[in-house]
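Chemist: Just passing along the structure, written as structure tokens.
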Amino acid sequence: MYLTVSTTRTPATDLGFLLHKHPDRVQEFSQPFGTATVFYPEASEERCTAALLLEVDPIALARRRRATPDFSLGQYVNDRPYAASSLLAATLADVFRSARKGQGGSRQAVADTAIDLDIAIPVLPCRGGPAVAERVFAPLGWSVEAEPIALDDAFPDWGDSRYVRLRLTGTVRLADALNHLYVLLPVLDESKHYWQGPDEVDKLLRSGEGWLAAHPERELIARRYLGRGPGLAAQALDRLAELDGAPSATSDDEVAPRPLNALRHDAVHRVIVDCGAASVVDLGCGPGAFVERLLATRGIERVAGCDVSVRSLQRAAQRLHLDGMTERQRARVDLFQAALTYEDERLSGFDVAVLMEVIEHVDPSRLGALEHVVFGAARPGSVIVTTPNREYNALYPDLTGMRHTDHRFEWSRAEFASWADGVAARHGYVVRYEGIGDIDPDRGTPTQMAVFTRKETDR
């Protein structure tokens, strides 16, 4: 199977820096199912093309369990060695690992910039035909050419096969383009070469960060990408429901808005950095995305994440690669199970505690207990609380009820301020408010944030 990535952004040979593969070299990479080769059919200042060729070893493939379609001769008669599929996606992820992360070395400015790209895949299984390729790639800024391949050119009456020749052209950041391919090639094929476990949800959300939550076909993408893992698609869709971006659509000339979840992380992270915190606990950390960001922040020496869900903590441990950390790295982070309505000494001693989209999941009758545990017993120097603004819900045309099925309530701005002012007065804090997300003149922002700071006399 074969894939090419071309650019005409001058100097076009910068593509070699972005992919971390020199245009003058032919490089081979061993894969569990064959050998990948990266080479450059053309490399000039005006146009540069990088090619990824995957030569599948049929014997190695046949020996891998669940590697082929489920029929009796499937391990001997299949298209896996020839048609782009999850095998190619997995190879792309391995061979271009640094490029997928947006690491550009001495060309970092180029890596951070959308550039003219032309991607071609000569044979790609596409269940649903060219229309499905258009549905999944076009919203990401690609011009899509998906040409059906005939079953047999000698017999035109037989019609088209399930394969297409795919060409994508657009002005896209290279890291984003590679992540689009990593996610969407298996989606079009709708057949992964391995059985999927819970960590596949994290893989999907990491690779889809910044674009998947706002994608109009996110349900189709999640269900096809996670089709071999029972219940995983539902988990992914629940988590994507939290990443609710701006409700208004953008024109073709506008940049797609960042997901609201990313804006929340940015806002909370900015407050933590501004206050010079050296220790932070994320209360209700979920699968650990924000804990991961805190660990990468200079000046923060101690990070903890707690959650009532053991499964979420397991996902967080996998995300952070706790088993692979050095002793020094491991000493900086702690993950533990805790219910925020019961006192726990492990919650004490932090400069900042974060309650990001947590309080609305607590029964109103238990909010008093949470208030006592966080503000009365743990008493961090600062507490950052974010929660949905109910008034903004009217701007989501397809929303009925609350934003998530597990929300126990959603407050207006006045209701949130009333609660927060009372908490601050009762426990010796001062509180200020900020909005997160697009501002509507009448309804405010989709997320509201309160920043509590303990009074100096109590420190």
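To be explicit about the labels: the chains of the structure tokens are called A, B, and onward in the order shown, and within each one the residues are counted from 1, while ligands get numbers from 1 in the order they are shown.
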Would you list the contacts of His215 of chain A as a list in words, taking every protein, DNA or RNA residue within 9 Å and counting only C-alpha atoms, but skipping same-chain residues closer than 5 positions in sequence?
Modeler: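 The residues that qualify are Val136, Pro139 and Leu140 of chain A.
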Chemist: Quick one: residues within 12 Å of Gly422 of chain A, only C-alpha atoms counted, chain neighbours fewer than 4 positions away excluded, as a PyMOL selection string?
Modeler: chain A and resi 368+371+375+415-418+426-431+452
Chemist: Distance atom CA of Gly305 of chain A-atom CA of Gly437 of chain A, one decimal place?
Modeler: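 If I compute the distance from atom CA of Gly305 of chain A to atom CA of Gly437 of chain A, I get 24.9 Å.
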Chemist: Arg408 of chain A: which residues within 7 Å, counting only C-alpha atoms, same-chain residues fewer than 4 positions away excluded, as a list in words?
Modeler: Glu360, His361, Val362 and Asp363 of chain A
Chemist: Hey, can you check how far atom CA of Pro380 of chain A sits from atom CA of Val352 of chain A?
Modeler: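 Spanning atom CA of Pro380 of chain A to atom CA of Val352 of chain A is a straight-line distance of 5.6 Å.
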Chemist: Could you give me, as a ChimeraX atom specification, the residues within 9 Å of Arg346 of chain A, counting only C-alpha atoms and dropping anything in the same chain fewer than 5 positions from it?
Modeler: /A:336,338,378
Chemist: Include N, CA and C atoms and write out the residues we just selected as a PDB file, in the first residue's frame.
Modeler:
ATOM      1  N   PHE A 336      -5.369   9.076  42.704  1.00  0.00           N
ATOM      2  CA  PHE A 336      -6.030   8.293  43.747  1.00  0.00           C
ATOM      3  C   PHE A 336      -7.542   8.450  43.645  1.00  0.00           C
ATOM      4  N   ALA A 338     -11.171   9.064  45.175  1.00  0.00           N
ATOM      5  CA  ALA A 338     -11.756   9.800  46.295  1.00  0.00           C
ATOM      6  C   ALA A 338     -13.115  10.318  45.890  1.00  0.00           C
ATOM      7  N   ALA A 378      -9.954  20.783  53.222  1.00  0.00           N
ATOM      8  CA  ALA A 378      -8.715  20.803  52.427  1.00  0.00           C
ATOM      9  C   ALA A 378      -8.100  22.203  52.384  1.00  0.00           C
TER      10      ALA A 378
END
Chemist: Kindly give the distance, in Å, that separates atom CA of Ser143 of chain A and atom CA of Gly170 of chain A, rounded to a single decimal.
Modeler: 6.0 Å
Chemist: In segment 204-319 of chain A, what's alpha helix (DSSP H) per DSSP? Answer as a ChimeraX atom specification?
Modeler: /A:204-207,218-225,232-241,260-274,289-295,310-319
Chemist: Which residue, A:Ala450, A:Leu168, A:Cys126, A:Ile221, has the smallest gap to Glu145 of chain A when you use only C-alpha atoms?
Modeler: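 Using only C-alpha atoms, Glu145 of chain A sits closest to A:Leu168.
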